[in-house]
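Heads up, input-v5.cif below (mmCIF, C-alpha atoms):
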```cif
data_data
loop_
_atom_site.group_PDB
_atom_site.id
_atom_site.type_symbol
_atom_site.label_atom_id
_atom_site.label_comp_id
_atom_site.auth_asym_id
_atom_site.auth_seq_id
_atom_site.Cartn_x
_atom_site.Cartn_y
_atom_site.Cartn_z
ATOM 1 C CA MET A 220 -9.235 -28.916 1.919
ATOM 2 C CA MET A 221 -7.550 -25.508 1.749
ATOM 3 C CA PRO A 222 -6.108 -24.291 -1.538
ATOM 4 C CA CYS A 223 -2.342 -24.335 -1.778
ATOM 5 C CA MET A 224 -0.909 -20.886 -1.097
ATOM 6 C CA GLY A 225 2.475 -19.805 -2.370
ATOM 7 C CA ILE A 226 4.971 -18.173 -0.065
ATOM 8 C CA LEU A 227 6.486 -14.846 -0.999
ATOM 9 C CA THR A 228 9.707 -13.910 0.767
ATOM 10 C CA VAL A 229 10.918 -10.334 0.552
ATOM 11 C CA ARG A 230 14.052 -8.959 2.168
ATOM 12 C CA LEU A 231 13.471 -5.520 3.635
ATOM 13 C CA THR A 232 15.890 -3.054 5.105
ATOM 14 C CA ALA A 233 15.203 -1.846 8.630
ATOM 15 C CA GLU A 234 13.841 1.409 7.175
ATOM 16 C CA GLU A 235 11.520 -0.465 4.783
ATOM 17 C CA GLU A 236 10.325 -2.690 7.628
ATOM 18 C CA ARG A 237 9.556 0.408 9.712
ATOM 19 C CA LEU A 238 7.648 2.037 6.842
ATOM 20 C CA LEU A 239 5.652 -1.142 6.212
ATOM 21 C CA ALA A 240 4.736 -1.388 9.903
ATOM 22 C CA LYS A 241 3.737 2.298 10.004
ATOM 23 C CA ARG A 242 1.596 2.103 6.866
ATOM 24 C CA SER A 243 -0.084 -1.140 7.863
ATOM 25 C CA ARG A 244 -0.960 0.317 11.295
ATOM 26 C CA GLY A 245 -2.354 3.400 9.581
ATOM 27 C CA ALA A 246 -4.520 1.167 7.394
ATOM 28 C CA GLY A 247 -5.614 -0.863 10.424
ATOM 29 C CA MET A 248 -4.200 -4.104 9.045
ATOM 30 C CA LYS A 249 -1.507 -6.593 9.879
ATOM 31 C CA LYS A 250 1.610 -6.299 7.720
ATOM 32 C CA ALA A 251 0.877 -9.452 5.703
ATOM 33 C CA THR A 252 -2.728 -8.387 5.094
ATOM 34 C CA TYR A 253 -1.558 -4.941 4.000
ATOM 35 C CA VAL A 254 0.916 -6.459 1.523
ATOM 36 C CA ARG A 255 -1.843 -8.694 0.113
ATOM 37 C CA HIS A 256 -4.038 -5.618 -0.247
ATOM 38 C CA LEU A 257 -1.294 -3.799 -2.170
ATOM 39 C CA ILE A 258 -0.698 -6.795 -4.449
ATOM 40 C CA ARG A 259 -4.401 -6.985 -5.345
ATOM 41 C CA GLU A 260 -4.716 -3.268 -6.162
ATOM 42 C CA GLU A 261 -5.377 -2.453 -9.789
ATOM 43 C CA PRO A 262 -2.363 -0.810 -11.459
ATOM 44 C CA PHE A 263 -2.535 2.565 -13.182
ATOM 45 C CA ILE A 264 -2.405 2.047 -16.940
ATOM 46 C CA THR A 265 -3.459 5.429 -18.292
ATOM 47 C CA GLY A 266 -3.759 8.981 -17.062
ATOM 48 C CA ALA A 267 -7.523 8.425 -16.869
ATOM 49 C CA ASP A 268 -6.905 5.703 -14.268
ATOM 50 C CA VAL A 269 -4.891 8.162 -12.172
ATOM 51 C CA LEU A 270 -7.616 10.806 -12.437
ATOM 52 C CA ALA A 271 -10.319 8.299 -11.459
ATOM 53 C CA ASP A 272 -8.301 7.313 -8.391
ATOM 54 C CA ALA A 273 -7.631 10.952 -7.510
ATOM 55 C CA THR A 274 -11.344 11.802 -7.546
ATOM 56 C CA THR A 275 -12.061 9.007 -5.057
ATOM 57 C CA ARG A 276 -9.370 10.376 -2.723
ATOM 58 C CA LYS A 277 -10.313 14.047 -3.078
ATOM 59 C CA GLY A 278 -10.641 15.664 0.324
ATOM 60 C CA ASP A 279 -8.601 12.973 2.119
ATOM 61 C CA SER A 280 -6.848 14.888 4.896
ATOM 62 C CA ARG A 281 -3.966 12.389 4.940
ATOM 63 C CA LEU A 282 -2.883 13.533 1.473
ATOM 64 C CA ARG A 283 -1.004 16.806 1.174
ATOM 65 C CA ILE A 284 1.438 18.576 -1.107
ATOM 66 C CA SER A 285 4.721 19.376 0.574
ATOM 67 C CA ARG A 286 6.729 22.347 -0.584
ATOM 68 C CA LYS A 287 10.461 21.847 -0.982
#
```

Structure re-expressed in structure tokens:
Amino acid sequence: MMPCMGILTVRLTAEEERLLAKRSRGAGMKKATYVRHLIREEPFITGADVLADATTRKGDSRLRISRK
């Protein structure tokens, strides 16, 4: 017997839907799987959490600083 799973309904604008599709493709996941992944991520509580995450992503070519 499968555990009962709740259903989450979110209304997205066309732009948000496009961004979700783009990001999920970039992650190599279906949209629903990508949303589940985001929900399960640990939140940043302190600055130390941000620094720990930044060190794991250091050198990631997808991340860049844009000048305005």

Give me the residues within 12 Å of segment 227-235 of chain A as a PyMOL selection string, counting only C-alpha atoms and dropping any in the same chain fewer than 5 places off.
chain A and resi 240-242+250-251+254-255+258

One decimal, in Å: what's the spacing between atom CA of Gly278 of chain A and atom CA of Leu239 of chain A?
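According to the coordinates, atom CA of Gly278 of chain A and atom CA of Leu239 of chain A are separated by 24.1 Å.
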
Between atom CA of Gly266 of chain A and atom CA of Arg286 of chain A - distance in Å to one decimal:
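Computed distance, atom CA of Arg286 of chain A to atom CA of Gly266 of chain A, equals 23.7 Å.
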
Around all the atoms of segment 269-277 of chain A listed in the file, with 6 Å of room on each side, what axis-aligned box do you get, giving centre and edge lengths in Å to one decimal, as JSON?
```
{"center_x": -8.5, "center_y": 10.7, "center_z": -7.6, "size_x": 19.2, "size_y": 18.7, "size_z": 21.7}
```

Which distance in Å separates atom CA of Leu257 of chain A and atom CA of Ala271 of chain A, to one decimal?
17.7 Å

Contacts of His256 of chain A at 12 Å (only C-alpha atoms; same-chain gap of 4+ positions) as a VMD selection string
chain A and resid 242 to 243 246 to 252 260 to 261
